[in-house]
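Enquirer: Quick one: the structure is below, questions incoming.
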Amino acid sequence: AAEPEPLLSTDALRKEFGGLVATDDVSLTVSPGERRCLIGPNGAGKSTLVSLITGQLDPTAGSIRFAGEGIDGLSPHERVDRGLSVKFQVPSVYGEFSTRENLRLALQRRQSGEALKEAIDASLERFDLTEEAGIRADALSHGEKQRLEIAMASALDPALLLLDEPVAGLSVEETERIADLLIELNESAGVALLVIEHDMAFVRAIAERVTVLHQGSILTEGEMEAVANDPTVRDVYLGE
Ligand code: ADP
Ligand code: MG
């Protein structure tokens, strides 16, 4: 039988910054509904790859397909409208607004009136932020802020959610909580996940497959156990 078409595929994606090659010939595919983690040492090109996929950066060469179409000319906004959502490494909640108002801003692109109110309440509930609804976002704990950002990124029912280091600096408890939330989002809503993370317990908990990036290129790809036991992967991390 023919393979189903991937949800996302990058074809020989390359990004140069001056003389530096940040991503080199990256061909990556993510299937609909898949949970994938992208790992690799600092400077491997992970965040650059995310920015190329979301359209924040233009590639030097290569192309990207999403949901059956080329998306190379599209703006970040147009990509979001097609179901490609992102939570960047740098926090981007509106600090002076409450948790509820942040969610309203994210959800009101699709809904209004009573439906909007219900969607906000459902999102607060799902991401365990009901008690924090009236609190200014800049007064939330780091973990609550991450949950709010994930809630905002998933507000528009994306087909794919990209997350750049969603649990960096979080406690073990908050990390497990976010892992559970992401798995729930994936299983109940079918959202495919492409998650960059260094925390290996977290990666182990959520990833069905792992892709290892090293010096801008894909070093290997596979199930977590196989990747974790791969001597070339160990060398890359030991050499960090
Ligand atoms: P990672 O997220 O895996 O740590 P990055 O994608 O942030 O890696 O960076 C990959 C390489 O590209 C690094 O050498 C980094 O210094 C360089 N780089 C990233 N963004 C820029 C930029 N805007 N200008 C110049 N160099 C950059
Ligand atoms: Mg990064």
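Ordering of the structure tokens sets the chain letters (A, B, ...), residue numbers begin anew at 1 in every chain, and ligands are numbered from 1 in the order given.
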Give me the residues near Ser63 (chain A) as a list in words, where near means some atom within 10 Å (using only C-alpha atoms) and where sequence neighbours in that chain fewer than 6 positions away do not count.
Expert: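 Non-adjacent residues within range: Ser9, Thr10, Asp11, Ala12, Leu13, Arg14, Val26, Ser27, Leu52, Ile53, Gly70, Ile71, Asp72 and Gly73 of chain A.
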Enquirer: For the selection you just gave me, I'd like the residues written to a file as a CSV table (one decimal), in the first residue's frame, keeping C-alpha atoms.
Expert:
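Done, and the output landed in out_37.csv:
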```
chain,number,residue,atom,x,y,z
A,9,SER,CA,7.9,17.4,5.0
A,10,THR,CA,11.0,19.6,4.6
A,11,ASP,CA,13.1,18.9,1.5
A,12,ALA,CA,16.8,19.6,1.7
A,13,LEU,CA,16.3,22.6,3.9
A,14,ARG,CA,19.4,24.8,4.3
A,26,VAL,CA,17.5,18.8,6.4
A,27,SER,CA,14.8,16.4,5.0
A,52,LEU,CA,12.2,27.9,8.8
A,53,ILE,CA,9.1,25.7,9.3
A,70,GLY,CA,4.0,23.8,-0.8
A,71,ILE,CA,4.0,26.6,1.8
A,72,ASP,CA,7.3,28.3,0.9
A,73,GLY,CA,5.9,31.7,0.0
```
Enquirer: Could the residues of chain A that have an atom at most 10 Å from ligand 1 be listed as a tab-separated table, each with its closest atom pair and the distance in Å to one decimal, counting only C-alpha atoms and all ligand atoms and ordered by chain and ascending residue number?
Expert:
```
residue	atom	partner	partner_atom_place_in_ligand_line	distance
A:Lys15	CA	ligand 1	12 (O)	8.5
A:Glu16	CA	ligand 1	12 (O)	8.0
A:Phe17	CA	ligand 1	25 (C)	4.9
A:Gly18	CA	ligand 1	25 (C)	7.2
A:Gly19	CA	ligand 1	26 (N)	9.2
A:Leu20	CA	ligand 1	26 (N)	6.9
A:Val21	CA	ligand 1	12 (O)	6.9
A:Ala22	CA	ligand 1	12 (O)	4.2
A:Thr23	CA	ligand 1	10 (C)	7.2
A:Leu38	CA	ligand 1	3 (O)	9.3
A:Ile39	CA	ligand 1	3 (O)	7.9
A:Gly40	CA	ligand 1	3 (O)	6.3
A:Pro41	CA	ligand 1	3 (O)	6.2
A:Asn42	CA	ligand 1	4 (O)	3.7
A:Gly43	CA	ligand 1	8 (O)	3.5
A:Ala44	CA	ligand 1	3 (O)	3.7
A:Gly45	CA	ligand 1	6 (O)	3.2
A:Lys46	CA	ligand 1	3 (O)	3.7
A:Ser47	CA	ligand 1	2 (O)	3.7
A:Thr48	CA	ligand 1	6 (O)	3.7
A:Leu49	CA	ligand 1	6 (O)	6.4
A:Val50	CA	ligand 1	6 (O)	8.0
A:Ser51	CA	ligand 1	6 (O)	8.4
A:Leu52	CA	ligand 1	6 (O)	9.8
A:Leu57	CA	ligand 1	23 (N)	8.8
A:Gln89	CA	ligand 1	2 (O)	8.8
A:Asp164	CA	ligand 1	2 (O)	8.3
A:Glu165	CA	ligand 1	2 (O)	9.2
A:Ile196	CA	ligand 1	2 (O)	8.3
A:Glu197	CA	ligand 1	2 (O)	9.7
A:Leu213	CA	ligand 1	3 (O)	7.6
A:His214	CA	ligand 1	3 (O)	8.0
A:Gln215	CA	ligand 1	10 (C)	7.7
A:Gly216	CA	ligand 1	10 (C)	6.9
```
Enquirer: Neighbours of Ser98 (chain A) within 10 Å (only C-alpha atoms; same-chain residues fewer than 5 positions away dropped), as a list in words?
Expert: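 Residues near the query, excluding close chain neighbours: Val93, Leu103, Arg104, Glu132, Ala133, Gly134, Ile135, Arg136, Ala137, Asp138, Ala139 and Leu140 of chain A.
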Enquirer: Quick check for you: according to DSSP on this backbone, which residues of region 107-234 of chain A are classed as strand (DSSP E)? Reply as a list of chain:residue names.
Expert: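 Output for region 107-234 of chain A, strand (DSSP E) only: A:Leu160, A:Leu161, A:Leu162, A:Leu163, A:Asp164, A:Ala192, A:Leu193, A:Leu194, A:Val195, A:Ile196, A:Arg209, A:Val210, A:Thr211, A:Val212, A:Leu213, A:His214, A:Ser217, A:Ile218, A:Leu219, A:Thr220, A:Glu221, A:Gly222.
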Enquirer: Could you list, as a JSON list (two decimals) with C-alpha atoms, in the first residue's frame, every residue within 12 Å of Ala228 (chain A), counting only C-alpha atoms and ignoring same-chain residues fewer than 3 positions away?
Expert:
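Wrote result_34.json, looks like this:
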```json
[["chain", "number", "residue", "atom", "x", "y", "z"],
["A", 39, "ILE", "CA", 16.99, 16.57, 20.00],
["A", 40, "GLY", "CA", 20.61, 17.60, 19.56],
["A", 200, "MET", "CA", 15.42, 13.08, 28.22],
["A", 201, "ALA", "CA", 12.81, 11.85, 30.71],
["A", 203, "VAL", "CA", 11.41, 13.00, 25.53],
["A", 204, "ARG", "CA", 11.07, 9.39, 26.63],
["A", 209, "ARG", "CA", 10.06, 8.77, 17.28],
["A", 210, "VAL", "CA", 13.15, 10.89, 17.83],
["A", 211, "THR", "CA", 15.21, 12.81, 15.30],
["A", 212, "VAL", "CA", 18.75, 13.80, 16.24],
["A", 220, "THR", "CA", 19.86, 9.64, 12.97],
["A", 221, "GLU", "CA", 16.17, 8.99, 13.50],
["A", 222, "GLY", "CA", 14.17, 6.23, 15.16],
["A", 223, "GLU", "CA", 12.54, 4.99, 18.32],
["A", 224, "MET", "CA", 13.84, 6.46, 21.55],
["A", 225, "GLU", "CA", 15.56, 3.32, 22.83],
["A", 231, "PRO", "CA", 27.04, 5.13, 19.94],
["A", 232, "THR", "CA", 27.25, 8.03, 17.43],
["A", 233, "VAL", "CA", 24.51, 9.84, 19.37],
["A", 234, "ARG", "CA", 26.38, 9.28, 22.63],
["A", 235, "ASP", "CA", 29.56, 10.67, 21.08],
["A", 236, "VAL", "CA", 27.76, 13.84, 19.99],
["A", 237, "TYR", "CA", 26.48, 14.50, 23.50]]
```
Enquirer: To one decimal place in Å, what is the distance between CA of Ile150 (chain A) and CA of Leu163 (chain A)?
Expert: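 Computing the Euclidean distance for CA of Ile150 (chain A) and CA of Leu163 (chain A) yields 8.1 Å.
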Enquirer: What is the CA of Gln111 (chain A) to CA of Leu156 (chain A) distance in Å?
Expert: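 Computing it gives 9.7 Å between the two atoms.
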Enquirer: As JSON, numbers by chain, which residues of region 12-191 of chain A does DSSP assign to helix (DSSP H, G or I)?
Expert: {"A": [46, 47, 48, 49, 50, 51, 52, 53, 54, 76, 77, 78, 79, 80, 81, 99, 100, 101, 102, 103, 104, 105, 106, 107, 113, 114, 115, 116, 117, 118, 119, 120, 121, 122, 123, 124, 125, 126, 130, 131, 132, 137, 138, 139, 142, 143, 144, 145, 146, 147, 148, 149, 150, 151, 152, 153, 172, 173, 174, 175, 176, 177, 178, 179, 180, 181, 182, 183, 184, 185, 186, 187, 188, 189]}
Enquirer: Between A:Val172, A:Ile178, A:Ala115, A:Leu160, which residue has the minimum interatomic distance to Asp128 (chain A), considering only C-alpha atoms?
Expert: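 Result for the nearest residue to Asp128 (chain A): A:Ile178.
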Enquirer: Which polymer residues have any atom within 9 Å of an atom of Arg110 (chain A), counting only C-alpha atoms, with same-chain residues fewer than 4 positions away left out, as a compact mmCIF listing (two decimals) with N, CA and C atoms, in the first residue's frame?
Expert:
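The file below, result_8.txt, is the result:
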```txt
# COMPACT_ATOMS: atom_id res chain seq x y z
N ALA A 106 -6.06 34.74 21.80
CA ALA A 106 -5.71 33.62 20.92
C ALA A 106 -6.94 33.02 20.25
N LEU A 116 -17.18 31.90 22.19
CA LEU A 116 -15.83 32.31 22.60
C LEU A 116 -15.65 32.12 24.10
N ALA A 155 -4.93 26.90 20.46
CA ALA A 155 -6.27 27.49 20.44
C ALA A 155 -6.97 27.31 19.10
N LEU A 156 -6.23 27.32 18.02
CA LEU A 156 -6.86 27.31 16.70
C LEU A 156 -6.90 25.90 16.10
```
Enquirer: Between A:Leu105, A:Leu8, A:Val195, A:Leu124, which residue has the minimum interatomic distance to ligand 2, considering only C-alpha atoms and all ligand atoms?
Expert: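 Comparing A:Leu105, A:Leu8, A:Val195, A:Leu124 against ligand 2, the winner is A:Val195.
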Enquirer: Measure the distance from CA of Ala119 (chain A) to CA of Glu208 (chain A) in Å and round it to one decimal.
Expert: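 Calculated distance between CA of Ala119 (chain A) and CA of Glu208 (chain A) is 29.4 Å.
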Enquirer: Between A:Ser154, A:Gln108, A:Thr175, A:Thr99, which is the closest to Thr130 (chain A) once you count only C-alpha atoms?
Expert: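 For Thr130 (chain A), the nearest of the given residues is A:Thr99.
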Enquirer: Calculated over only C-alpha atoms and all ligand atoms, which of the candidates A:Val90, A:Ala61, A:Ile183, A:Asp81 has the smallest distance to ligand 2?
Expert: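 Of A:Val90, A:Ala61, A:Ile183, A:Asp81, the one nearest ligand 2, counting only C-alpha atoms and all ligand atoms, is A:Val90.
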